[in-house]
>>> print(open('protein14.pdb').read())   # PDB, C-alpha atoms
ATOM      1  CA  MET B   1      10.152  -9.130 -13.091
ATOM      2  CA  THR B   2      10.933  -5.635 -11.820
ATOM      3  CA  GLY B   3       7.861  -4.217 -13.540
ATOM      4  CA  ARG B   4       5.689  -6.858 -11.910
ATOM      5  CA  VAL B   5       7.120  -6.127  -8.441
ATOM      6  CA  ILE B   6       6.528  -2.388  -8.880
ATOM      7  CA  ASN B   7       2.977  -3.035 -10.042
ATOM      8  CA  ARG B   8       2.254  -5.241  -7.048
ATOM      9  CA  ARG B   9       3.750  -2.666  -4.710
ATOM     10  CA  GLU B  10       1.654   0.109  -6.230
ATOM     11  CA  GLN B  11      -1.454  -2.057  -6.082
ATOM     12  CA  HIS B  12      -0.802  -2.714  -2.402
ATOM     13  CA  LYS B  13      -0.387   1.013  -1.749
ATOM     14  CA  GLN B  14      -3.608   1.817  -3.581
ATOM     15  CA  HIS B  15      -5.455  -0.878  -1.660
ATOM     16  CA  THR B  16      -4.141   0.461   1.668
ATOM     17  CA  ARG B  17      -5.087   4.051   0.797
ATOM     18  CA  ALA B  18      -8.562   2.967  -0.264
ATOM     19  CA  ALA B  19      -9.023   0.949   2.952
ATOM     20  CA  LEU B  20      -7.936   3.900   5.115
ATOM     21  CA  GLU B  21     -10.204   6.337   3.286
ATOM     22  CA  GLN B  22     -13.202   4.009   3.465
ATOM     23  CA  ALA B  23     -12.626   3.351   7.164
ATOM     24  CA  ALA B  24     -12.253   7.071   7.856
ATOM     25  CA  LEU B  25     -15.398   8.042   5.969
ATOM     26  CA  ALA B  26     -17.431   5.311   7.684
ATOM     27  CA  LEU B  27     -16.196   6.388  11.123
ATOM     28  CA  PHE B  28     -16.687  10.097  10.396
ATOM     29  CA  ALA B  29     -20.287   9.380   9.374
ATOM     30  CA  ARG B  30     -20.990   7.169  12.394
ATOM     31  CA  ARG B  31     -19.061   8.896  15.177
ATOM     32  CA  GLY B  32     -18.452  12.363  13.777
ATOM     33  CA  TYR B  33     -15.144  13.821  12.613
ATOM     34  CA  GLU B  34     -14.148  15.295  15.973
ATOM     35  CA  HIS B  35     -14.788  12.060  17.870
ATOM     36  CA  THR B  36     -12.878   9.798  15.481
ATOM     37  CA  THR B  37      -9.234   9.070  16.255
ATOM     38  CA  VAL B  38      -6.379   8.078  13.970
ATOM     39  CA  GLU B  39      -6.087   4.861  15.995
ATOM     40  CA  GLU B  40      -9.692   3.964  15.177
ATOM     41  CA  ILE B  41      -9.206   4.696  11.473
ATOM     42  CA  ALA B  42      -6.103   2.493  11.364
ATOM     43  CA  ALA B  43      -7.896  -0.308  13.203
ATOM     44  CA  GLY B  44     -10.884  -0.034  10.862
ATOM     45  CA  ALA B  45      -8.562  -0.459   7.878
ATOM     46  CA  GLY B  46      -6.699  -3.334   9.520
ATOM     47  CA  VAL B  47      -3.344  -1.532   9.612
ATOM     48  CA  SER B  48      -1.118  -0.006  12.256
ATOM     49  CA  VAL B  49      -1.068   3.655  13.270
ATOM     50  CA  ARG B  50       2.464   3.801  11.897
ATOM     51  CA  THR B  51       1.138   2.667   8.508
ATOM     52  CA  PHE B  52      -1.561   5.346   8.655
ATOM     53  CA  PHE B  53       1.086   8.046   9.024
ATOM     54  CA  ARG B  54       3.063   6.606   6.123
ATOM     55  CA  TYR B  55       0.152   7.554   3.880
ATOM     56  CA  TYR B  56      -1.499  10.499   5.605
ATOM     57  CA  SER B  57      -0.248  13.270   7.840
ATOM     58  CA  SER B  58      -3.548  13.749   9.725
ATOM     59  CA  LYS B  59      -7.269  13.053   9.861
ATOM     60  CA  GLN B  60      -7.802  16.119   7.689
ATOM     61  CA  HIS B  61      -5.385  14.830   5.066
ATOM     62  CA  VAL B  62      -7.258  11.542   4.734
ATOM     63  CA  LEU B  63     -10.434  13.416   3.750
ATOM     64  CA  PHE B  64      -9.119  14.296   0.277
ATOM     65  CA  GLY B  65      -5.407  13.615   0.677
ATOM     66  CA  ASP B  66      -3.736  11.493  -1.949
ATOM     67  CA  ILE B  67      -6.874  10.804  -3.964
ATOM     68  CA  GLY B  68      -7.135  14.482  -4.824
ATOM     69  CA  HIS B  69      -3.432  15.028  -5.449
ATOM     70  CA  GLU B  70      -3.249  11.860  -7.556
ATOM     71  CA  ARG B  71      -6.103  13.146  -9.711
ATOM     72  CA  VAL B  72      -4.244  16.416 -10.269
ATOM     73  CA  ASP B  73      -1.116  14.446 -11.232
ATOM     74  CA  GLN B  74      -3.176  12.369 -13.662
ATOM     75  CA  LEU B  75      -4.583  15.535 -15.223
ATOM     76  CA  ARG B  76      -1.060  16.927 -15.600
ATOM     77  CA  GLY B  77       0.098  13.804 -17.426
ATOM     78  CA  ALA B  78      -2.979  13.766 -19.648
ATOM     79  CA  LEU B  79      -2.507  17.424 -20.614
ATOM     80  CA  GLU B  80       1.160  16.905 -21.446
ATOM     81  CA  ALA B  81       0.162  13.984 -23.691
ATOM     82  CA  ARG B  82      -2.230  16.059 -25.842
ATOM     83  CA  PRO B  83      -1.101  16.858 -29.420
ATOM     84  CA  ALA B  84       1.195  19.886 -29.547
ATOM     85  CA  ASP B  85      -0.806  21.475 -32.378
ATOM     86  CA  GLU B  86      -4.172  21.131 -30.615
ATOM     87  CA  PRO B  87      -5.726  24.416 -29.389
ATOM     88  CA  PRO B  88      -5.028  24.607 -25.632
ATOM     89  CA  LEU B  89      -8.685  25.148 -24.771
ATOM     90  CA  GLU B  90      -9.638  21.970 -26.645
ATOM     91  CA  SER B  91      -6.878  20.054 -24.831
ATOM     92  CA  VAL B  92      -8.176  21.224 -21.461
ATOM     93  CA  ARG B  93     -11.767  20.404 -22.407
ATOM     94  CA  ALA B  94     -10.884  16.884 -23.576
ATOM     95  CA  VAL B  95      -8.799  16.075 -20.494
ATOM     96  CA  LEU B  96     -11.383  17.397 -18.043
ATOM     97  CA  ASP B  97     -14.155  15.491 -19.847
ATOM     98  CA  ALA B  98     -12.148  12.257 -19.629
ATOM     99  CA  ALA B  99     -11.526  12.837 -15.906
ATOM    100  CA  ASP B 100     -15.182  13.367 -14.942
ATOM    101  CA  ILE B 101     -16.301  11.083 -12.133
ATOM    102  CA  THR B 102     -19.091   8.758 -13.283
ATOM    103  CA  ASP B 103     -18.517   5.630 -11.170
ATOM    104  CA  GLU B 104     -21.291   5.335  -8.572
ATOM    105  CA  ALA B 105     -18.966   4.124  -5.812
ATOM    106  CA  GLU B 106     -16.661   7.124  -6.359
ATOM    107  CA  LEU B 107     -19.636   9.460  -6.442
ATOM    108  CA  ASP B 108     -20.897   8.046  -3.145
ATOM    109  CA  GLN B 109     -17.500   8.670  -1.542
ATOM    110  CA  LEU B 110     -17.456  12.182  -2.971
ATOM    111  CA  ARG B 111     -20.882  12.877  -1.443
ATOM    112  CA  ALA B 112     -19.633  11.670   1.930
ATOM    113  CA  ARG B 113     -16.575  13.922   1.714
ATOM    114  CA  LEU B 114     -18.651  16.961   0.756
ATOM    115  CA  ALA B 115     -21.112  16.294   3.568
ATOM    116  CA  LEU B 116     -18.196  16.375   6.006
ATOM    117  CA  LEU B 117     -16.957  19.644   4.528
ATOM    118  CA  SER B 118     -20.404  21.146   5.088
ATOM    119  CA  GLU B 119     -20.457  19.940   8.681
ATOM    120  CA  GLN B 120     -16.853  20.912   9.424
ATOM    121  CA  PRO B 121     -15.992  24.255   7.753
ATOM    122  CA  SER B 122     -12.477  24.000   9.197
ATOM    123  CA  LEU B 123     -11.817  21.195   6.703
ATOM    124  CA  LEU B 124     -12.503  23.424   3.695
ATOM    125  CA  SER B 125      -8.853  24.436   3.500
ATOM    126  CA  THR B 126      -7.992  20.952   2.216
ATOM    127  CA  TYR B 127     -10.504  21.265  -0.603
ATOM    128  CA  LEU B 128      -9.374  24.802  -1.443
ATOM    129  CA  VAL B 129      -5.762  23.648  -1.805
ATOM    130  CA  LEU B 130      -6.846  21.033  -4.365
ATOM    131  CA  SER B 131      -9.015  23.544  -6.199
ATOM    132  CA  GLU B 132      -6.060  25.921  -6.448
ATOM    133  CA  GLU B 133      -3.826  23.080  -7.677
ATOM    134  CA  LEU B 134      -6.274  22.491 -10.532
ATOM    135  CA  ARG B 135      -6.366  26.184 -11.440
ATOM    136  CA  ARG B 136      -2.576  26.508 -11.420
ATOM    137  CA  LEU B 137      -2.120  23.312 -13.426
ATOM    138  CA  VAL B 138      -4.413  24.516 -16.215
ATOM    139  CA  SER B 139      -2.924  28.010 -16.200
ATOM    140  CA  VAL B 140       0.660  26.725 -16.552
ATOM    141  CA  PHE B 141      -0.330  24.303 -19.326
ATOM    142  CA  VAL B 142      -2.252  26.857 -21.385
ATOM    143  CA  ALA B 143       0.477  29.472 -20.964
ATOM    144  CA  GLY B 144       3.107  27.024 -22.168
ATOM    145  CA  ARG B 145       1.084  25.921 -25.194
ATOM    146  CA  CYS B 146       0.282  29.428 -26.400
ATOM    147  CA  GLY B 147       3.671  30.934 -25.574
ATOM    148  CA  ARG B 148       2.448  33.432 -23.008
ATOM    149  CA  ALA B 149       3.228  34.159 -19.397
ATOM    150  CA  GLU B 150       1.189  32.301 -16.798
ATOM    151  CA  THR B 151      -0.226  35.669 -15.722
ATOM    152  CA  HIS B 152      -1.486  36.506 -19.218
ATOM    153  CA  PRO B 153      -5.303  36.942 -19.273
ATOM    154  CA  TYR B 154      -5.936  33.978 -21.598
ATOM    155  CA  PRO B 155      -4.412  31.179 -19.480
ATOM    156  CA  LEU B 156      -5.910  32.784 -16.386
ATOM    157  CA  LEU B 157      -9.372  32.867 -17.992
ATOM    158  CA  VAL B 158      -9.233  29.225 -19.095
ATOM    159  CA  ALA B 159      -7.879  28.095 -15.721
ATOM    160  CA  GLY B 160     -10.468  30.133 -13.847
ATOM    161  CA  ALA B 161     -13.214  28.620 -15.972
ATOM    162  CA  ALA B 162     -11.986  25.097 -15.217
ATOM    163  CA  GLN B 163     -11.918  25.831 -11.497
ATOM    164  CA  ALA B 164     -15.283  27.622 -11.432
ATOM    165  CA  ALA B 165     -16.999  24.960 -13.541
ATOM    166  CA  TRP B 166     -15.857  22.255 -11.138
ATOM    167  CA  ASP B 167     -16.834  24.218  -8.023
ATOM    168  CA  SER B 168     -20.268  25.262  -9.254
ATOM    169  CA  ALA B 169     -21.147  21.818 -10.607
ATOM    170  CA  LEU B 170     -19.872  20.035  -7.509
ATOM    171  CA  TRP B 171     -21.755  22.050  -4.912
ATOM    172  CA  SER B 172     -24.926  22.212  -7.010
ATOM    173  CA  TRP B 173     -24.810  18.426  -7.414
ATOM    174  CA  ALA B 174     -24.088  17.885  -3.713
ATOM    175  CA  ALA B 175     -27.128  20.011  -2.824
ATOM    176  CA  GLY B 176     -29.339  17.962  -5.146
ATOM    177  CA  GLN B 177     -29.857  20.795  -7.624
ATOM    178  CA  THR B 178     -28.519  18.716 -10.514
ATOM    179  CA  ARG B 179     -28.524  14.959 -10.992
ATOM    180  CA  ASP B 180     -25.510  14.466 -13.252
ATOM    181  CA  LEU B 181     -22.233  15.948 -12.039
ATOM    182  CA  ALA B 182     -20.350  15.393 -15.310
ATOM    183  CA  ILE B 183     -23.026  16.971 -17.497
ATOM    184  CA  GLN B 184     -23.307  19.969 -15.187
ATOM    185  CA  ARG B 185     -19.542  20.512 -15.123
ATOM    186  CA  ARG B 186     -19.254  20.262 -18.905
ATOM    187  CA  SER B 187     -22.125  22.658 -19.401
ATOM    188  CA  ALA B 188     -20.625  25.161 -16.968
ATOM    189  CA  PHE B 189     -17.193  24.989 -18.634
ATOM    190  CA  ALA B 190     -18.734  25.481 -22.096
ATOM    191  CA  GLN B 191     -20.676  28.533 -20.919
ATOM    192  CA  LEU B 192     -17.687  30.053 -19.112
ATOM    193  CA  THR B 193     -15.351  29.655 -22.095
ATOM    194  CA  ALA B 194     -17.802  30.658 -24.832
ATOM    195  CA  GLY B 195     -16.324  33.595 -26.736
ATOM    196  CA  VAL B 196     -12.937  33.383 -24.997
ATOM    197  CA  LEU B 197     -10.502  33.824 -27.877
ATOM    198  CA  PRO B 198      -6.846  32.736 -27.775
ATOM    199  CA  PRO B 199      -4.241  35.516 -28.079
ATOM    200  CA  ASP B 200      -3.481  34.916 -31.770
ATOM    201  CA  GLU B 201      -7.146  35.313 -32.709
ATOM    202  CA  ARG B 202      -7.287  38.585 -30.802
ATOM    203  CA  GLY B 203      -4.452  39.926 -32.920
ATOM    204  CA  GLU B 204      -1.878  39.911 -30.139
ATOM    205  CA  PRO B 205       1.769  39.476 -31.128
ATOM    206  CA  PRO B 206       3.351  36.166 -30.061
ATOM    207  CA  HIS B 207       5.196  35.782 -26.766
ATOM    208  CA  GLN B 208       3.583  38.844 -25.251
ATOM    209  CA  PRO B 209       4.265  38.936 -21.501
TER     210      PRO B 209
END
>>> encode(input="protein14.pdb", output="structure tokens")
Amino acid sequence: MTGRVINRREQHKQHTRAALEQAALALFARRGYEHTTVEEIAAGAGVSVRTFFRYYSSKQHVLFGDIGHERVDQLRGALEARPADEPPLESVRAVLDAADITDEAELDQLRARLALLSEQPSLLSTYLVLSEELRRLVSVFVAGRCGRAETHPYPLLVAGAAQAAWDSALWSWAAGQTRDLAIQRRSAFAQLTAGVLPPDERGEPPHQP
């Protein structure tokens, strides 16, 4: 019974978040970001302003907010679940591949968010925070799996490649330079990590700081 109650509660939260994000994106597109109020977003989602602030701290937060942070949390869980004896680079590749956005409705929302970022450069800080979360997540994971410090070149290279592959694929796709976001991101990650050898294959002693 408890499990069912928790599931229903989580489903309700997800539904409310989705309704707020959809209402916000529709209003931003129709009225412009600056002319849209929190009150209007709440009304568009059929909830109170108080409920809005239970989920989001501001209009800026609703742009990527929980959807982005939840995706990072999902990536963290997926990385931790990879086999302990799997090469870290292969773990990262598999998890990022599985997380690629392919659903058309999600892609449409992503386009709308990126269009707003282009129109409102002040909102870029929200995106940059998420991008840095991804980089740090990968760096910490790779460092832990290969027994090196997070600041060792190898985890930094793999994490930087993950971040750069996402950024380059995303903005190229948003500009219409590539049709398939997932294929572009995978191709970029493969190119950026080609020839990047783990510490043990470079002849480095284990646990080198």
>>> resolve_selection(input="protein14.pdb", expression="the PyMOL selection byres ((chain B and resi 150) around 12)", output="ChimeraX atom specification")
/B:135-149,151-159,207-209
>>> closest_residue(input="protein14.pdb", among="B:Gln191, B:Leu114, B:Ala81, B:Tyr127", to="Ser172 of chain B", atoms="all atoms listed in the file")
B:Leu114
>>> atom_distance(input="protein14.pdb", atom1="atom CA of Val62 of chain B", atom2="atom CA of Ala99 of chain B")
21.1 Å
>>> resolve_selection(input="protein14.pdb", expression="the PyMOL selection byres ((chain B and resi 29) around 12)", output="list of chain:residue names")
B:Gln22, B:Ala23, B:Ala24, B:Leu25, B:Ala26, B:Leu27, B:Phe28, B:Arg30, B:Arg31, B:Gly32, B:Tyr33, B:Glu34, B:His35, B:Thr36, B:Gln109, B:Arg111, B:Ala112, B:Arg113, B:Leu114, B:Ala115, B:Leu116, B:Leu117, B:Glu119
>>> residues_near_point(input="protein14.pdb", point="(-13.3, 24.4, -16.2)", cutoff="9 Å", atoms="all atoms listed in the file", output="list in words")
Val92, Arg93, Leu96, Arg135, Val138, Val158, Ala159, Gly160, Ala161, Ala162, Gln163, Ala164, Ala165, Trp166, Asp167, Arg185, Arg186, Ala188, Phe189, Ala190, Leu192 and Thr193 of chain B
>>> atom_distance(input="protein14.pdb", atom1="atom CA of Val49 of chain B", atom2="atom CA of Asp73 of chain B")
26.8 Å
>>> residues_near_point(input="protein14.pdb", point="(2.3, 4.3, 9.2)", cutoff="12 Å", atoms="all atoms listed in the file", output="number ranges by chain")
B: 13, 16-17, 20, 38-39, 41-43, 45-58
>>> atom_distance(input="protein14.pdb", atom1="atom CA of Glu86 of chain B", atom2="atom CA of Pro198 of chain B")
12.2 Å
